[in-house]
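Novice: The structure that follows is given in the form of structure tokens.
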Amino acid sequence: MAKKYKGCAVGIDLGTTYSCVAVWQEHLNRVEIIHNDQGNNTTPSCVAFTVHERMIGDAAKNQAATNPENTVFDSKRLIGRKYSDDIVQKDKMLWPFKVIAGANDKPVIVVKYKGEEKQLCVEEVSSMILGKMREIAEAFLEKPVKNAVVTVPAYFNDSQRKATIDAGAIAGLNVVRIISEPTAAAIAYGLDRRNSSVEERNIFVFDLGGGTFDVSLLTIQDKNYHVKATAGNSHLGGEDIDNKMVKYFVKEFKRKNKVDISGNPRALRRLRTACERAKRTLSSAITVTVEIDALFEGIDFYSSMTRARFEEINLELFEECMETVERCLTDAEIEKSSVHDVVLVGGSSRIPKVQKLLQDFFNGKDLCKSINPDEAVAYGAAVQAALLSEGIKNVPNLVLLDVTPLSLGIELEGDVMSVVIPRNTTIPVKRTEVYNTVDDNQSAVDISVYEGERTRASDNNLLGFFTLSGFSRALRGHPFDVTFAMDENGILSVSAEDKTTGNKNKITISNNKDRLSAGEIERMIQEADIYKVEDKKFLRKAKTKNDLDDCIYEIRKALKKHDINSILCREEKEEMWSAINRATDLVDEKNEQDDMVVFEDCLNELRSMLERLKTT
Ligand code: AMP
């Protein structure tokens with residue numbers, strides 16, 4: 001039976017563009033999606049740094065256009081990857097923020113915060129988003145939240161999963177379980193419980209978000225979840241649809257007004273925002289109008305788009321999605337007629353044409369779309385979190401078993417991959433294999449651990465390397481055990497042991513080169529606390545400045561109303577104007593004052609002056 005954790009546990013969908021947090025509410029007997037301070041159920045996975053403050057979520061996204069170099073998004077695309085990875089190199093070209101190579105080829109994000117350069121590792125950025133999701137949950141639940149189930153794409157490898165857990169640790173969260181996103185969506189729909197017999201059930205998860213497209217074929221049998229195949233495009237989603245609309249309207253503007261706005265970033269940005277809004281409208285309306293005042297050189301833009309035209313300009317994209325669906329089924333070796341349920345995930349899966357093409361592909365099958373597609377993954381994660389929490393009784397009892405996403409093994413002589421745990425093995429799992437030394441008088445063996453499906457070890461991903469030493473000098477063929485253990489989060493440890501000599505020399509895999517050390521995590525936790533203190537200080541200063549501004553306004557108003565000479569003597573008048581001027585300088589940040597006492601003293605002084613003016 002799975003270990004249970006004390007205290008409140010939430011489910012977090014840490015998305016590439018948006019994140020979502022949900023919780024099982026025992027008294028309501030259902031999952032509740034938690035809205036943020038803006039009233040939104042999803043929060044942009046975005047962190048920004050300015051001369052004054054750090055912002056996370058909506059605030060960060062809203063200022064992105066004016067501070068692009070210091071606004072970090074898409075950190076999920078970097079997590080657990082090397083800087084030299086082709087994907088990182090390609091993505092880097094598209095980002096306005098700077099990414100450089102750090103120690104051990106880890107990517108490092110460089111931003112300017114309070115006028116100084118700051119280098120952040122990807123786990124730190126993700127931890128800021130996880131921390132924000134935690135704050136959102138704590139504000140809603142009015143109690144501390146320590147534990148979380150966090151979701152990751154099904155294809156995430158060992159280092160990407162570990163890095164996600166580390167990001168949680170930096171945010172002060174105990175990540176009690178990592179589950180794959182399609183599995184979470186299937187849980188949300190309780191699809192495992194529809195199965196009264198023990199027959200295998202095939203679930204197809206179609207996830208079209210803002211910037212990524214993932215499809216997965218899962219099978220559920222005896223409450224075991226197997227991700228049989230995944231396919232997708234890491235750069236296809238709602239943003240591409242927005243771009244197609246922007247292109248269309250740029251052409252129209254040129255035709256109507258004989259001017260080209262394609263070289264004007266501000267006009268394009270405004271047009272893109274309007275297109276995104278229009279796109280959402282077209283998911284429920286048949287036609288939409290787009291109106292932007294003074295879009296370019298004072299020229300207003302008024303236009304409209306029908307749903308039919310929208311579908312026409314995006315058809316190529318939608319058809320590409322369907323090709324991916326087909327490829328996934330082929331990889332899984334499953335006929336489309338054998339798919340029991342089709343689950344919609346991701347905001348862009350709301351587009352009626354996408355739903356229609358998918359439904360037609362599955363021969364008219366009803367699609368599972370009763371749960372909000374932006375929220376389905378967090379919903380499933382919250383159910384899993386409740387199952388792992390002490391004292392929760394009403395949650396539907398499912399024993400979730402995930403599988404290893406990739407085969408795991410060691411390198412044998414001749415660069416051969418010897419698989420110890422095959423792909424799709426239900427986890428947790430522990431397997432031991434016996435290997436033999438290859439040379440006479442060998443005193444040690446080097447063990448390289450790989451993940452992947454290729455037969456040549458070096459074509460796979462090297463996870464770690466260690467040496468088992470202390471053999472008595474024996475002839476070749478001397479046996480030793482290698483044990484692979486993967487826990488329920490998909491985290492691997494490997495040990496080796498020379499049993500015959502009784503010389504227990506057990507070594508756990510040390511692939512900590514890529515992973516943050518305990519010391520580094522500790523340092524980042526401390527830094528995160530410093531950020532929090534600074535954020536609080538900034539808020540306190542902003543509030544005091546606001547109060548000061550109010551007071552200045554009220555005093556000026558009161559002075560206008562009264563005959564000032566009848567109330568104040570000359571010294572008092574001078575004193576009052578000097579206080580107002582000082583306060584105005586503080587509000588306008590004319591002097592580099594950072595001491596809160598100065599702000600608060602000034603506010604108290606103005607408040608007593610205002611009191612005096614009001615009572616005379
Ligand atoms: P996600 O990454 O799953 O949060 O999805 C975000 C994407 O979904 C964005 O590109 C949104 O523009 C898109 N989206 C959200 N709601 C709708 C809708 N009603 N119709 C079309 N696209 C939508």
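Residues are named by chain letter and number: chains run A, B, ... in the order of the structure tokens, numbers start at 1 in each chain, and ligands are numbered from 1 in the order shown.
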Would you please give, as a ChimeraX atom specification, all residues of region 55-130 of chain A that DSSP assigns to strand (DSSP E or B) based on the backbone?

Specialist: /A:55-56,71-73,98-101,107-113,116-121

Novice: Check which residues fall inside 6 Å of ligand 1 when counting only C-alpha atoms and all ligand atoms, and print them as a PyMOL selection string.

Specialist: chain A and resi 17-18+209-210+238-239+276+279-280+283+346-348+350-351+374

Novice: Write the residues you've just listed into a file as an mmCIF file, in the first residue's frame, and include all heavy atoms for each of them.

Specialist:
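Final file, out.cif:
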```cif
data_model
loop_
_atom_site.group_PDB
_atom_site.id
_atom_site.type_symbol
_atom_site.label_atom_id
_atom_site.label_comp_id
_atom_site.auth_asym_id
_atom_site.auth_seq_id
_atom_site.Cartn_x
_atom_site.Cartn_y
_atom_site.Cartn_z
ATOM 1 N N THR A 17 2.915 26.756 -20.765
ATOM 2 C CA THR A 17 2.455 28.150 -20.849
ATOM 3 C C THR A 17 1.608 28.564 -19.641
ATOM 4 O O THR A 17 1.686 29.679 -19.173
ATOM 5 C CB THR A 17 1.631 28.388 -22.132
ATOM 6 O OG1 THR A 17 0.727 27.310 -22.295
ATOM 7 C CG2 THR A 17 2.500 28.500 -23.342
ATOM 8 N N TYR A 18 0.776 27.635 -19.141
ATOM 9 C CA TYR A 18 -0.067 27.934 -17.981
ATOM 10 C C TYR A 18 0.044 26.805 -16.958
ATOM 11 O O TYR A 18 0.272 25.658 -17.339
ATOM 12 C CB TYR A 18 -1.536 28.060 -18.395
ATOM 13 C CG TYR A 18 -1.853 29.362 -19.085
ATOM 14 C CD1 TYR A 18 -1.746 29.472 -20.460
ATOM 15 C CD2 TYR A 18 -2.239 30.481 -18.352
ATOM 16 C CE1 TYR A 18 -2.017 30.667 -21.111
ATOM 17 C CE2 TYR A 18 -2.512 31.686 -18.995
ATOM 18 C CZ TYR A 18 -2.397 31.767 -20.367
ATOM 19 O OH TYR A 18 -2.653 32.955 -20.994
ATOM 20 N N GLY A 209 -2.384 22.342 -26.312
ATOM 21 C CA GLY A 209 -2.323 23.505 -25.405
ATOM 22 C C GLY A 209 -1.979 24.788 -26.141
ATOM 23 O O GLY A 209 -2.343 24.971 -27.298
ATOM 24 N N GLY A 210 -1.227 25.664 -25.440
ATOM 25 C CA GLY A 210 -0.858 26.948 -26.030
ATOM 26 C C GLY A 210 0.354 26.808 -26.927
ATOM 27 O O GLY A 210 0.437 27.430 -27.982
ATOM 28 N N GLY A 238 -1.955 26.669 -29.585
ATOM 29 C CA GLY A 238 -2.788 27.841 -29.780
ATOM 30 C C GLY A 238 -2.028 29.036 -30.333
ATOM 31 O O GLY A 238 -2.566 29.819 -31.131
ATOM 32 N N GLU A 239 -0.739 29.170 -29.942
ATOM 33 C CA GLU A 239 0.031 30.329 -30.408
ATOM 34 C C GLU A 239 0.215 30.300 -31.928
ATOM 35 O O GLU A 239 0.263 31.345 -32.577
ATOM 36 C CB GLU A 239 1.389 30.371 -29.706
ATOM 37 C CG GLU A 239 1.256 30.880 -28.284
ATOM 38 C CD GLU A 239 2.408 30.486 -27.386
ATOM 39 O OE1 GLU A 239 3.420 29.970 -27.884
ATOM 40 O OE2 GLU A 239 2.270 30.682 -26.163
ATOM 41 N N GLU A 276 -6.169 36.427 -30.425
ATOM 42 C CA GLU A 276 -6.334 35.336 -29.442
ATOM 43 C C GLU A 276 -7.737 35.387 -28.847
ATOM 44 O O GLU A 276 -8.407 34.366 -28.672
ATOM 45 C CB GLU A 276 -5.269 35.471 -28.354
ATOM 46 C CG GLU A 276 -4.949 34.162 -27.657
ATOM 47 C CD GLU A 276 -5.550 34.005 -26.280
ATOM 48 O OE1 GLU A 276 -6.038 34.999 -25.705
ATOM 49 O OE2 GLU A 276 -5.570 32.874 -25.766
ATOM 50 N N LYS A 279 -10.236 34.263 -31.450
ATOM 51 C CA LYS A 279 -10.172 32.806 -31.613
ATOM 52 C C LYS A 279 -11.037 32.116 -30.556
ATOM 53 O O LYS A 279 -11.792 31.203 -30.857
ATOM 54 C CB LYS A 279 -8.705 32.371 -31.477
ATOM 55 C CG LYS A 279 -8.497 30.883 -31.412
ATOM 56 C CD LYS A 279 -7.057 30.537 -31.081
ATOM 57 C CE LYS A 279 -6.713 30.807 -29.627
ATOM 58 N NZ LYS A 279 -5.357 30.377 -29.266
ATOM 59 N N ARG A 280 -10.912 32.577 -29.314
ATOM 60 C CA ARG A 280 -11.704 31.974 -28.226
ATOM 61 C C ARG A 280 -13.193 32.151 -28.513
ATOM 62 O O ARG A 280 -13.990 31.251 -28.292
ATOM 63 C CB ARG A 280 -11.368 32.620 -26.883
ATOM 64 C CG ARG A 280 -10.003 32.239 -26.370
ATOM 65 C CD ARG A 280 -9.708 33.009 -25.090
ATOM 66 N NE ARG A 280 -8.367 32.796 -24.623
ATOM 67 C CZ ARG A 280 -8.033 32.109 -23.542
ATOM 68 N NH1 ARG A 280 -8.974 31.561 -22.796
ATOM 69 N NH2 ARG A 280 -6.785 31.959 -23.169
ATOM 70 N N SER A 283 -14.891 29.762 -30.818
ATOM 71 C CA SER A 283 -15.195 28.406 -30.336
ATOM 72 C C SER A 283 -16.667 28.288 -29.937
ATOM 73 O O SER A 283 -17.186 27.187 -29.822
ATOM 74 C CB SER A 283 -14.308 28.041 -29.153
ATOM 75 O OG SER A 283 -12.993 27.877 -29.600
ATOM 76 N N GLY A 346 -6.157 20.513 -22.692
ATOM 77 C CA GLY A 346 -5.519 21.689 -23.287
ATOM 78 C C GLY A 346 -6.552 22.641 -23.882
ATOM 79 O O GLY A 346 -7.518 22.209 -24.507
ATOM 80 N N GLY A 347 -6.322 23.937 -23.665
ATOM 81 C CA GLY A 347 -7.284 24.955 -24.064
ATOM 82 C C GLY A 347 -7.679 24.909 -25.537
ATOM 83 O O GLY A 347 -8.835 25.152 -25.894
ATOM 84 N N SER A 348 -6.713 24.563 -26.415
ATOM 85 C CA SER A 348 -7.012 24.602 -27.851
ATOM 86 C C SER A 348 -7.869 23.423 -28.296
ATOM 87 O O SER A 348 -8.369 23.428 -29.424
ATOM 88 C CB SER A 348 -5.717 24.633 -28.662
ATOM 89 O OG SER A 348 -4.920 25.699 -28.218
ATOM 90 N N ARG A 350 -10.638 22.984 -27.357
ATOM 91 C CA ARG A 350 -12.024 23.492 -27.373
ATOM 92 C C ARG A 350 -12.479 23.867 -28.782
ATOM 93 O O ARG A 350 -13.652 24.074 -29.014
ATOM 94 C CB ARG A 350 -12.126 24.765 -26.532
ATOM 95 C CG ARG A 350 -12.044 24.531 -25.073
ATOM 96 C CD ARG A 350 -12.645 25.736 -24.365
ATOM 97 N NE ARG A 350 -12.522 25.585 -22.945
ATOM 98 C CZ ARG A 350 -11.476 26.006 -22.256
ATOM 99 N NH1 ARG A 350 -10.486 26.602 -22.873
ATOM 100 N NH2 ARG A 350 -11.431 25.817 -20.961
ATOM 101 N N ILE A 351 -11.531 24.012 -29.698
ATOM 102 C CA ILE A 351 -11.880 24.480 -31.055
ATOM 103 C C ILE A 351 -12.810 23.461 -31.719
ATOM 104 O O ILE A 351 -12.457 22.272 -31.835
ATOM 105 C CB ILE A 351 -10.595 24.705 -31.876
ATOM 106 C CG1 ILE A 351 -9.783 25.829 -31.218
ATOM 107 C CG2 ILE A 351 -10.896 25.010 -33.338
ATOM 108 C CD1 ILE A 351 -8.404 26.039 -31.771
ATOM 109 N N ASP A 374 -8.543 22.780 -19.654
ATOM 110 C CA ASP A 374 -7.372 23.429 -19.036
ATOM 111 C C ASP A 374 -7.116 22.842 -17.651
ATOM 112 O O ASP A 374 -6.060 23.059 -17.065
ATOM 113 C CB ASP A 374 -7.613 24.927 -18.784
ATOM 114 C CG ASP A 374 -8.046 25.665 -20.007
ATOM 115 O OD1 ASP A 374 -7.504 25.365 -21.061
ATOM 116 O OD2 ASP A 374 -8.940 26.532 -19.883
#
```

Novice: Give me the residues near Leu120 (chain A) as a list in words, where near means some atom within 9 Å (using only C-alpha atoms) and where sequence neighbours in that chain fewer than 4 positions away do not count.

Specialist: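 Within the cut-off, the hits are Pro107, Val108, Ile109, Val110, Val111, Glu124 and Val125 of chain A.
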
Novice: Could you take the residues named above and write them with N, CA and C atoms, as an mmCIF file, in the first residue's frame?

Specialist:
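Now in out-v4.cif:
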```
data_model
loop_
_atom_site.group_PDB
_atom_site.id
_atom_site.type_symbol
_atom_site.label_atom_id
_atom_site.label_comp_id
_atom_site.auth_asym_id
_atom_site.auth_seq_id
_atom_site.Cartn_x
_atom_site.Cartn_y
_atom_site.Cartn_z
ATOM 1 N N PRO A 107 21.829 24.383 -18.599
ATOM 2 C CA PRO A 107 21.463 25.726 -19.060
ATOM 3 C C PRO A 107 21.239 26.670 -17.875
ATOM 4 N N VAL A 108 21.664 27.909 -18.060
ATOM 5 C CA VAL A 108 21.498 28.922 -17.009
ATOM 6 C C VAL A 108 20.804 30.128 -17.634
ATOM 7 N N ILE A 109 19.780 30.642 -16.942
ATOM 8 C CA ILE A 109 19.037 31.789 -17.472
ATOM 9 C C ILE A 109 19.602 33.060 -16.828
ATOM 10 N N VAL A 110 19.867 34.056 -17.674
ATOM 11 C CA VAL A 110 20.476 35.287 -17.139
ATOM 12 C C VAL A 110 19.468 36.423 -17.232
ATOM 13 N N VAL A 111 19.202 37.066 -16.092
ATOM 14 C CA VAL A 111 18.272 38.200 -16.082
ATOM 15 C C VAL A 111 18.883 39.348 -15.277
ATOM 16 N N GLU A 124 15.232 26.602 -10.456
ATOM 17 C CA GLU A 124 14.862 27.779 -9.657
ATOM 18 C C GLU A 124 13.658 28.492 -10.259
ATOM 19 N N VAL A 125 13.684 28.624 -11.598
ATOM 20 C CA VAL A 125 12.567 29.313 -12.265
ATOM 21 C C VAL A 125 11.292 28.488 -12.066
#
```

Novice: Tell me, in Å to one decimal, how far CA of Asp446 (chain A) is from CA of Ser469 (chain A).

Specialist: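 For CA of Asp446 (chain A) relative to CA of Ser469 (chain A), the distance reads 8.5 Å.
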
Novice: Excluding same-chain residues fewer than 2 positions from Ile56 (chain A), what lies within 12 Å of it counting only C-alpha atoms, as a PyMOL selection string?

Specialist: chain A and resi 18-19+36-37+43-50+53-54+58-64+70-73+125-133+135-136+531-532+535

Novice: Can you tell me, as a VMD selection string, what residues are no more than 8 Å from region 156-171 of chain A when counting only C-alpha atoms, ignoring any on the same chain fewer than 6 positions away?

Specialist: chain A and resid 79 to 81 123 to 128 130 to 131 178 405 to 406 463 489 to 492 514 to 516 521 to 522 524 to 525 528

Novice: Record the distance separating CA of Val416 (chain A) and CA of Leu329 (chain A), expressed in Å with one decimal.

Specialist: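 Separation of CA of Val416 (chain A) and CA of Leu329 (chain A): 29.8 Å.
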
Novice: Using only C-alpha atoms, determine which residues lie at most 12 Å from Met596 (chain A), disregarding the query and same-chain residues fewer than 2 positions distant; provide the list as a PyMOL selection string.

Specialist: chain A and resi 536-545+586+592-594+598-603

Novice: Write out the residues from the selection above, keeping C-alpha atoms, as an mmCIF file, in the first residue's frame.

Specialist:
```
data_model
loop_
_atom_site.group_PDB
_atom_site.id
_atom_site.type_symbol
_atom_site.label_atom_id
_atom_site.label_comp_id
_atom_site.auth_asym_id
_atom_site.auth_seq_id
_atom_site.Cartn_x
_atom_site.Cartn_y
_atom_site.Cartn_z
ATOM 1 C CA LYS A 536 6.925 41.450 0.748
ATOM 2 C CA LYS A 537 9.109 44.513 1.274
ATOM 3 C CA PHE A 538 8.233 45.718 -2.214
ATOM 4 C CA LEU A 539 4.504 45.267 -1.525
ATOM 5 C CA ARG A 540 4.813 47.142 1.780
ATOM 6 C CA LYS A 541 6.638 49.983 0.045
ATOM 7 C CA ALA A 542 4.109 50.070 -2.801
ATOM 8 C CA LYS A 543 1.231 50.223 -0.298
ATOM 9 C CA THR A 544 2.890 53.003 1.739
ATOM 10 C CA LYS A 545 3.598 54.973 -1.459
ATOM 11 C CA LEU A 586 9.325 59.666 -2.186
ATOM 12 C CA GLU A 592 17.020 56.454 -3.953
ATOM 13 C CA GLN A 593 15.323 55.937 -0.622
ATOM 14 C CA ASP A 594 14.877 52.317 0.368
ATOM 15 C CA VAL A 598 11.524 57.040 6.155
ATOM 16 C CA PHE A 599 8.394 56.245 4.136
ATOM 17 C CA GLU A 600 6.347 55.355 7.193
ATOM 18 C CA ASP A 601 7.515 58.390 9.217
ATOM 19 C CA CYS A 602 6.575 60.662 6.324
ATOM 20 C CA LEU A 603 3.168 58.994 6.062
#
```

Novice: Of the candidates A:Glu453, A:Glu199, A:Asp85, A:Glu488, which shows the shortest atom-to-atom distance to Lys430 (chain A), using only C-alpha atoms?

Specialist: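 Smallest distance to Lys430 (chain A) is found for A:Glu488.
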
Novice: Using Å and a single decimal, report how far CA of Glu323 (chain A) sits from CA of Leu236 (chain A).

Specialist: 13.1 Å
